[in-house]
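S.K.: Quick one: the structure is below, and I'll ask about it shortly.
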Amino acid sequence: MSPTRQLANDPLTSSWAAGLRSSLRAYARTHLPDAMVPAHFVVLPELPKLPNGKVDRGSLPPLTVEESPETAFVAPRTPVETELARIWQDLLGLPKVGVETSFFDLGGDSLTVLQMAAQVRDVYDVRLDLRRMFEDPTVAQLARMVSSQADPTVTGAGNPRGVASEAMVADAVLPADIVPEEGALPPSTGPYRTVLLTGGTGYTGAFLLRELLDRSAATVYVLVRADGPDQASERVRGNLAEYGLLRDGDAERIVGVPGDTGRPYLGLSKSTYHELAAEVELIIHNAAISSWIVPYAKIKPVNVFGAMEVLRLACRKRVKAVHFISTIGVYPGHEGQRSWAETRLTEADHVVGGYRQSKWVADSLMLQARDRGVPAHVYRLGAITGSQTTGACSPDTFINHLIKGCVQLGAYLDYDLLLDLVPVDFCAATVVHTALSGGRAEAVFNVPSARSVSMNEIFELIVAYGYPLRRLDYQDWYRELAAAVERGEENELAVYLPLFGADQPAEEVGYLGSKPDFRTDNLRAALDGSGIACKPVERELFDLYLDYFVSTGFLPAPPGGTARPQNQWRASS
């Protein structure tokens, strides 16, 4: 049986492969002339090699009809996608249209794309940005463009990046095979000799790894995309160094493991999988796609299927405690006050956007595994911000992109939303301390900020730091931002335009008037006597973050401003 046939018959791998082909095709269209964009992409588990290590082209499988773009079918998931697919079917004379398939691969051309745009305008009363359409000519992209502009009463679409709550509930059913296997060793309660960390080359992962190294004597296996163990370990150490966290002697306790949470069996070889299943005593599952603009279908392989694969590993050879990094975004958005206890999720409505929905599903799967004998624990973190000790902060979060975009624009939006910003080192210390304690009865921990702050308060701190930002009504701010992007000006928020409508932001940005109260009884019990405490976001802490961003070049210095030397945060390698 050919490799492509195996991929087609495996629902998990097939979904991942279809998403990869779509992403490759979209990337190629933005970087190559149309004539050079490949018509077909074939996904293989690995490339056949000659004895000298070169690719054995003669052993590559032939292109088959099942790998063509037309048959990499992803059905419409929202009312807007369904209506747009119908328009494309009528215009192109096709029996069905997948939402991730290129308009041009389906037979469209420059004339029919104009006809299609006219029909969409007639139905939804919107003007399409054809430049963006040509960059990603799919129903899914078109639906996002339409939903960001059109009247919701016309689209009936809900959130274009998410799915219906019924689909979330259907996905949140733990497969029957995820159960401790017969003869598996019982879970350890510590001290732990071996720990597996996923997401160790991300921002939060760097701080989780630092805490594991500092608070235990364990060998830490870190799952990372890499060509081999040496490159995997180099990536992990480089990520620690990026945030000033690398220490002498770390290399002796870090084992880089080439793998991928978005693939079956975590992308591991059979021998490595069985080795980890036998050796690992504790898992901290942090890996995730955290972008707010990626649709649920594209996030699902990593965030949902990846959680399942971690739980499967936890059931093999020896039962392993799994500590899962979730988010307070799994709680539904509501206007007014609402209290959220540290317990199982029961409400799926009003959990919006692909990222939050995927976390809701994975969060639910973890607690179902707990019912089957896997000691699973869930940490629902607030929006992670910089270190409260050094200021080291990842630029790659929505709030930090928003800050830079507003600095570039010279204006910020007057949109008074409450934010729960939680320092990354506090989060990491909380998770690792609790995980290493072993055998805790609590299953869920809310980890919100010490004090919620409004978005306006954050920008007032930025103005006080020295950035002369104008405060604009949301609609005026949006018009200035859209005009700047249309003129081709560099702005960090260009990629986030789908999250901003002409009248108000999308729900992922936040709910105006929402005042959630996150209960922390379990958290306080876990941290009692540990000395681990969260600093509130105030002038001193935010100045520390802005100092870091200026020193690393993420932000320009404010007029007349200075920053502390960059090497205050960077550690020598």
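Residues in the structure tokens are named by chain (A, B, ... in the order shown) and by number from 1 within that chain; ligands are numbered from 1 in the order shown.
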Within 12 Å of A:Ala288, counting only C-alpha atoms, which residues qualify if same-chain residues fewer than 4 places away don't, as a PyMOL selection string?

M.R.: chain A and resi 198-205+224+260-262+292+294+298-307+324-327+354-356+358-359+362

S.K.: Env of A:Arg210: 8 Å cut, atoms = only C-alpha atoms, seq-sep filter 6 positions within chain, self excluded. Answer as a list of chain:residue names.

M.R.: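 Counting only the stated atoms, we get A:Leu240, A:Leu245, A:Leu246.
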
S.K.: Restricting the calculation to only C-alpha atoms: of A:Ala533, A:Leu196, A:Ala277, A:Leu419, which residue gets closest to A:His323?

M.R.: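 Of all the options, A:Leu196 lies closest to A:His323.
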
S.K.: Could you tell me how far atom CA of A:Val431 sits from atom CA of A:Val319, in Å to one decimal place?

M.R.: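 Atom-to-atom, atom CA of A:Val319 and atom CA of A:Val431 are spaced 19.5 Å apart.
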
S.K.: Write out as JSON, numbers by chain the residues lying within 12 Å of stretch 375-377 of chain A, counting only C-alpha atoms and excluding same-chain residues fewer than 5 positions away.

M.R.: {"A": [179, 180, 186, 187, 188, 189, 281, 282, 283, 284, 285, 307, 310, 311, 314, 315, 318, 319, 320, 321, 322, 323, 324, 325, 326, 342, 343, 344, 362, 363, 364, 365, 366, 367, 368, 369, 370, 431, 432, 434, 435, 438, 439, 440, 441, 442, 443, 444, 445, 446, 522, 523]}

S.K.: Taking C-alpha atoms for each residue, export the selection above as a compact mmCIF listing (two decimals), in the first residue's frame.

M.R.:
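What follows is the written file selection-v9.txt:
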```txt
# COMPACT_ATOMS: atom_id res chain seq x y z
CA VAL A 179 -7.35 4.58 28.92
CA PRO A 180 -4.46 3.19 31.00
CA PRO A 186 0.85 3.26 38.53
CA PRO A 187 1.50 7.00 38.42
CA SER A 188 4.43 8.35 40.38
CA THR A 189 3.87 11.09 42.95
CA GLU A 281 6.98 9.94 34.78
CA LEU A 282 5.37 13.37 34.36
CA ILE A 283 4.13 15.40 31.36
CA ILE A 284 3.66 19.15 31.09
CA HIS A 285 1.71 19.78 27.89
CA ALA A 307 -3.84 16.75 23.36
CA VAL A 310 -0.28 13.31 24.77
CA LEU A 311 -3.01 11.52 26.74
CA ALA A 314 0.29 9.04 29.31
CA CYS A 315 -1.59 5.72 29.27
CA ARG A 318 3.30 3.64 33.01
CA VAL A 319 0.48 6.04 33.86
CA LYS A 320 1.76 9.61 33.85
CA ALA A 321 0.30 12.74 35.40
CA VAL A 322 -0.49 15.31 32.69
CA HIS A 323 -0.43 19.03 33.51
CA PHE A 324 -2.15 20.91 30.70
CA ILE A 325 -1.73 24.62 29.94
CA SER A 326 -5.17 26.00 29.16
CA GLU A 342 -12.30 25.98 39.17
CA THR A 343 -14.35 23.13 37.80
CA ARG A 344 -15.32 21.34 34.59
CA ALA A 362 -8.70 19.97 24.86
CA ASP A 363 -9.50 21.16 28.41
CA SER A 364 -12.63 18.97 28.39
CA LEU A 365 -10.69 15.97 27.06
CA MET A 366 -8.14 16.26 29.87
CA LEU A 367 -10.80 16.02 32.58
CA GLN A 368 -12.46 13.07 30.84
CA ALA A 369 -9.09 11.30 30.92
CA ARG A 370 -8.95 12.02 34.64
CA VAL A 431 2.53 25.16 37.14
CA VAL A 432 5.88 23.54 37.93
CA THR A 434 2.12 22.29 41.61
CA ALA A 435 3.15 19.56 39.17
CA GLY A 438 2.59 15.29 43.03
CA GLY A 439 -0.72 13.66 43.88
CA ARG A 440 -2.73 16.83 44.33
CA ALA A 441 -6.49 16.28 44.52
CA GLU A 442 -7.39 19.49 42.69
CA ALA A 443 -7.99 19.09 38.95
CA VAL A 444 -8.43 22.69 37.78
CA PHE A 445 -6.55 25.87 38.66
CA ASN A 446 -7.57 29.35 37.57
CA ASN A 522 -7.58 25.58 44.32
CA LEU A 523 -4.75 27.88 43.25
```

S.K.: Rank A:Trp340, A:Tyr412, A:Val280, A:Tyr474 by their smallest atom-to-atom distance to A:Arg316, using only C-alpha atoms, and report the top residue only.

M.R.: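 Result for the nearest residue to A:Arg316: A:Val280.
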
S.K.: Set the distance at 12 Å and use only C-alpha atoms: which residues neighbour A:Gly93 once local chain neighbours fewer than 5 positions away are removed? I'd like the list as a compact mmCIF listing (two decimals) with all heavy atoms, in the first residue's frame.

M.R.:
```txt
# COMPACT_ATOMS: atom_id res chain seq x y z
N ALA A 85 -19.73 29.10 -0.82
CA ALA A 85 -19.47 27.88 -1.60
C ALA A 85 -20.54 27.70 -2.67
O ALA A 85 -20.25 27.27 -3.80
CB ALA A 85 -19.40 26.67 -0.68
N ARG A 86 -21.80 28.02 -2.33
CA ARG A 86 -22.88 27.92 -3.32
C ARG A 86 -22.64 28.88 -4.48
O ARG A 86 -22.83 28.52 -5.65
CB ARG A 86 -24.24 28.22 -2.66
CG ARG A 86 -25.43 28.05 -3.60
CD ARG A 86 -26.66 28.73 -3.06
NE ARG A 86 -26.47 30.18 -2.96
CZ ARG A 86 -26.50 30.99 -4.00
NH1 ARG A 86 -26.67 30.53 -5.23
NH2 ARG A 86 -26.33 32.30 -3.82
N ILE A 87 -22.20 30.12 -4.17
CA ILE A 87 -21.92 31.09 -5.22
C ILE A 87 -20.82 30.56 -6.15
O ILE A 87 -20.92 30.65 -7.37
CB ILE A 87 -21.52 32.45 -4.60
CG1 ILE A 87 -22.74 33.09 -3.90
CG2 ILE A 87 -20.94 33.39 -5.65
CD1 ILE A 87 -22.40 34.36 -3.14
N TRP A 88 -19.76 30.02 -5.55
CA TRP A 88 -18.66 29.48 -6.36
C TRP A 88 -19.13 28.30 -7.21
O TRP A 88 -18.75 28.17 -8.37
CB TRP A 88 -17.51 29.03 -5.45
CG TRP A 88 -16.73 30.16 -4.85
CD1 TRP A 88 -17.16 31.42 -4.58
CD2 TRP A 88 -15.36 30.12 -4.42
NE1 TRP A 88 -16.15 32.17 -4.00
CE2 TRP A 88 -15.05 31.40 -3.90
CE3 TRP A 88 -14.39 29.14 -4.42
CZ2 TRP A 88 -13.79 31.71 -3.40
CZ3 TRP A 88 -13.13 29.43 -3.91
CH2 TRP A 88 -12.83 30.70 -3.40
N LEU A 106 -9.85 25.60 -8.90
CA LEU A 106 -11.17 25.10 -9.28
C LEU A 106 -11.59 25.53 -10.68
O LEU A 106 -12.68 25.18 -11.12
CB LEU A 106 -12.21 25.58 -8.26
CG LEU A 106 -12.07 25.02 -6.84
CD1 LEU A 106 -12.99 25.75 -5.87
CD2 LEU A 106 -12.38 23.52 -6.82
N GLY A 107 -10.74 26.30 -11.33
CA GLY A 107 -11.06 26.73 -12.68
C GLY A 107 -11.37 28.20 -12.83
O GLY A 107 -11.68 28.68 -13.93
N GLY A 108 -11.30 28.96 -11.73
CA GLY A 108 -11.57 30.38 -11.81
C GLY A 108 -10.42 31.13 -12.48
O GLY A 108 -9.30 30.64 -12.56
N THR A 112 -13.70 35.66 -13.85
CA THR A 112 -14.70 35.10 -12.95
C THR A 112 -14.53 35.57 -11.51
O THR A 112 -15.50 35.61 -10.75
CB THR A 112 -14.67 33.55 -12.99
OG1 THR A 112 -13.33 33.10 -12.82
CG2 THR A 112 -15.23 33.04 -14.30
```

S.K.: Between atom CA of A:Pro61 and atom CA of A:Phe73, what is the distance, to one decimal in Å?

M.R.: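 So the two atoms, atom CA of A:Pro61 and atom CA of A:Phe73, lie 21.1 Å apart.
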
S.K.: Run DSSP on the backbone and grab whatever in stretch 239-439 of chain A lands in strand (DSSP E); send it over as a ChimeraX atom specification.

M.R.: /A:254-258,282-285,321-327,336-340,376-381,383-385,411-414,418-419,421-423

S.K.: Once you have the residues from the selection above, write them out as an mmCIF file, in the first residue's frame, restricted to N, CA and C atoms.

M.R.:
```cif
data_model
loop_
_atom_site.group_PDB
_atom_site.id
_atom_site.type_symbol
_atom_site.label_atom_id
_atom_site.label_comp_id
_atom_site.auth_asym_id
_atom_site.auth_seq_id
_atom_site.Cartn_x
_atom_site.Cartn_y
_atom_site.Cartn_z
ATOM 1 N N ILE A 254 18.962 18.379 29.682
ATOM 2 C CA ILE A 254 17.966 18.615 28.636
ATOM 3 C C ILE A 254 18.188 17.624 27.503
ATOM 4 N N VAL A 255 17.142 16.904 27.134
ATOM 5 C CA VAL A 255 17.204 15.974 26.010
ATOM 6 C C VAL A 255 16.204 16.438 24.958
ATOM 7 N N GLY A 256 16.715 16.962 23.844
ATOM 8 C CA GLY A 256 15.836 17.374 22.761
ATOM 9 C C GLY A 256 15.312 16.158 22.020
ATOM 10 N N VAL A 257 13.981 16.108 21.812
ATOM 11 C CA VAL A 257 13.341 14.976 21.157
ATOM 12 C C VAL A 257 12.652 15.472 19.891
ATOM 13 N N PRO A 258 13.141 15.111 18.709
ATOM 14 C CA PRO A 258 12.485 15.553 17.475
ATOM 15 C C PRO A 258 11.084 14.954 17.374
ATOM 16 N N LEU A 282 6.208 12.184 34.222
ATOM 17 C CA LEU A 282 5.367 13.373 34.355
ATOM 18 C C LEU A 282 5.375 14.121 33.029
ATOM 19 N N ILE A 283 4.219 14.646 32.614
ATOM 20 C CA ILE A 283 4.125 15.399 31.361
ATOM 21 C C ILE A 283 3.553 16.785 31.651
ATOM 22 N N ILE A 284 4.226 17.807 31.106
ATOM 23 C CA ILE A 284 3.658 19.154 31.093
ATOM 24 C C ILE A 284 3.395 19.479 29.635
ATOM 25 N N HIS A 285 2.116 19.594 29.286
ATOM 26 C CA HIS A 285 1.714 19.784 27.888
ATOM 27 C C HIS A 285 1.389 21.262 27.646
ATOM 28 N N ALA A 321 1.083 11.527 35.153
ATOM 29 C CA ALA A 321 0.297 12.736 35.397
ATOM 30 C C ALA A 321 0.519 13.703 34.233
ATOM 31 N N VAL A 322 -0.560 14.339 33.779
ATOM 32 C CA VAL A 322 -0.486 15.315 32.689
ATOM 33 C C VAL A 322 -0.947 16.660 33.220
ATOM 34 N N HIS A 323 -0.098 17.669 33.088
ATOM 35 C CA HIS A 323 -0.429 19.033 33.513
ATOM 36 C C HIS A 323 -0.563 19.874 32.249
ATOM 37 N N PHE A 324 -1.784 20.299 31.982
ATOM 38 C CA PHE A 324 -2.150 20.912 30.699
ATOM 39 C C PHE A 324 -2.303 22.418 30.840
ATOM 40 N N ILE A 325 -1.645 23.156 29.937
ATOM 41 C CA ILE A 325 -1.729 24.618 29.941
ATOM 42 C C ILE A 325 -2.937 25.040 29.116
ATOM 43 N N SER A 326 -3.955 25.518 29.807
ATOM 44 C CA SER A 326 -5.175 26.004 29.159
ATOM 45 C C SER A 326 -5.224 27.525 29.295
ATOM 46 N N THR A 327 -6.386 28.099 29.174
ATOM 47 C CA THR A 327 -6.536 29.562 29.189
ATOM 48 C C THR A 327 -7.881 29.946 29.796
ATOM 49 N N GLY A 336 -21.350 42.133 31.870
ATOM 50 C CA GLY A 336 -21.621 42.202 33.289
ATOM 51 C C GLY A 336 -20.779 41.231 34.095
ATOM 52 N N GLN A 337 -21.148 41.022 35.342
ATOM 53 C CA GLN A 337 -20.375 40.200 36.260
ATOM 54 C C GLN A 337 -20.766 38.738 36.144
ATOM 55 N N ARG A 338 -19.759 37.873 36.241
ATOM 56 C CA ARG A 338 -19.984 36.427 36.220
ATOM 57 C C ARG A 338 -18.817 35.765 36.944
ATOM 58 N N SER A 339 -19.124 34.831 37.834
ATOM 59 C CA SER A 339 -18.092 34.149 38.601
ATOM 60 C C SER A 339 -17.811 32.791 37.969
ATOM 61 N N TRP A 340 -16.516 32.449 37.860
ATOM 62 C CA TRP A 340 -16.110 31.182 37.248
ATOM 63 C C TRP A 340 -15.310 30.364 38.252
ATOM 64 N N ALA A 376 -4.855 13.979 35.433
ATOM 65 C CA ALA A 376 -4.755 15.167 34.576
ATOM 66 C C ALA A 376 -5.130 16.409 35.378
ATOM 67 N N HIS A 377 -4.367 17.480 35.157
ATOM 68 C CA HIS A 377 -4.605 18.767 35.826
ATOM 69 C C HIS A 377 -4.599 19.860 34.769
ATOM 70 N N VAL A 378 -5.456 20.851 34.943
ATOM 71 C CA VAL A 378 -5.637 21.905 33.947
ATOM 72 C C VAL A 378 -5.371 23.254 34.597
ATOM 73 N N TYR A 379 -4.557 24.080 33.909
ATOM 74 C CA TYR A 379 -4.229 25.424 34.397
ATOM 75 C C TYR A 379 -4.793 26.434 33.408
ATOM 76 N N ARG A 380 -5.802 27.182 33.829
ATOM 77 C CA ARG A 380 -6.430 28.179 32.958
ATOM 78 C C ARG A 380 -5.778 29.530 33.229
ATOM 79 N N LEU A 381 -4.799 29.858 32.364
ATOM 80 C CA LEU A 381 -3.979 31.045 32.568
ATOM 81 C C LEU A 381 -4.631 32.279 31.961
ATOM 82 N N ALA A 383 -3.958 36.155 30.173
ATOM 83 C CA ALA A 383 -3.111 36.537 29.032
ATOM 84 C C ALA A 383 -1.678 36.710 29.522
ATOM 85 N N ILE A 384 -0.784 35.890 29.008
ATOM 86 C CA ILE A 384 0.587 35.861 29.534
ATOM 87 C C ILE A 384 1.373 37.068 29.031
ATOM 88 N N THR A 385 2.018 37.732 29.967
ATOM 89 C CA THR A 385 2.846 38.893 29.637
ATOM 90 C C THR A 385 4.265 38.645 30.157
ATOM 91 N N ALA A 411 -1.697 56.405 17.724
ATOM 92 C CA ALA A 411 -3.022 56.558 18.331
ATOM 93 C C ALA A 411 -3.467 55.214 18.888
ATOM 94 N N TYR A 412 -4.290 55.262 19.944
ATOM 95 C CA TYR A 412 -4.842 54.028 20.486
ATOM 96 C C TYR A 412 -6.352 54.115 20.546
ATOM 97 N N LEU A 413 -6.977 52.957 20.602
ATOM 98 C CA LEU A 413 -8.429 52.861 20.559
ATOM 99 C C LEU A 413 -9.020 53.054 21.951
ATOM 100 N N ASP A 414 -10.023 53.888 22.043
ATOM 101 C CA ASP A 414 -10.765 54.084 23.282
ATOM 102 C C ASP A 414 -11.841 52.999 23.342
ATOM 103 N N LEU A 418 -11.650 44.911 29.950
ATOM 104 C CA LEU A 418 -10.825 44.436 31.051
ATOM 105 C C LEU A 418 -9.872 43.354 30.553
ATOM 106 N N LEU A 419 -8.615 43.417 30.999
ATOM 107 C CA LEU A 419 -7.607 42.447 30.618
ATOM 108 C C LEU A 419 -7.037 41.784 31.867
ATOM 109 N N LEU A 421 -3.724 40.264 32.645
ATOM 110 C CA LEU A 421 -2.342 40.050 32.228
ATOM 111 C C LEU A 421 -1.565 39.401 33.370
ATOM 112 N N VAL A 422 -0.952 38.247 33.068
ATOM 113 C CA VAL A 422 -0.280 37.463 34.101
ATOM 114 C C VAL A 422 1.186 37.271 33.725
ATOM 115 N N PRO A 423 2.130 37.666 34.574
ATOM 116 C CA PRO A 423 3.555 37.507 34.262
ATOM 117 C C PRO A 423 3.934 36.052 33.999
#
```

S.K.: What separation in Å, quoted to one decimal, exists between atom CA of A:Phe134 and atom CA of A:Asp122?

M.R.: 20.0 Å

S.K.: Between A:Phe104, A:Tyr124, A:Tyr273, A:Phe518, single out the one closest to A:Ile328, counting only C-alpha atoms.

M.R.: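 For A:Ile328, the nearest of the given residues is A:Phe518.
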
S.K.: Fewer than 4 positions away in the same chain doesn't count, so skip those; otherwise give me all residues within 10 Å of stretch 480-495 of chain A, counting only C-alpha atoms, as a ChimeraX atom specification.

M.R.: /A:129,293,398,400-412,472,474-476,499-502

S.K.: Extract, using only C-alpha atoms, all DNA, RNA and protein residues at most 8 Å from A:Leu128, discarding same-chain residues fewer than 6 positions from it, and format them as a PyMOL selection string.

M.R.: chain A and resi 117+121+145-146

S.K.: Skipping near chain neighbours, those fewer than 3 positions away, what residues fall within 12 Å of A:His334 using only C-alpha atoms, listed as a PyMOL selection string?

M.R.: chain A and resi 329+331+337-340+347+349-352+507+510-517
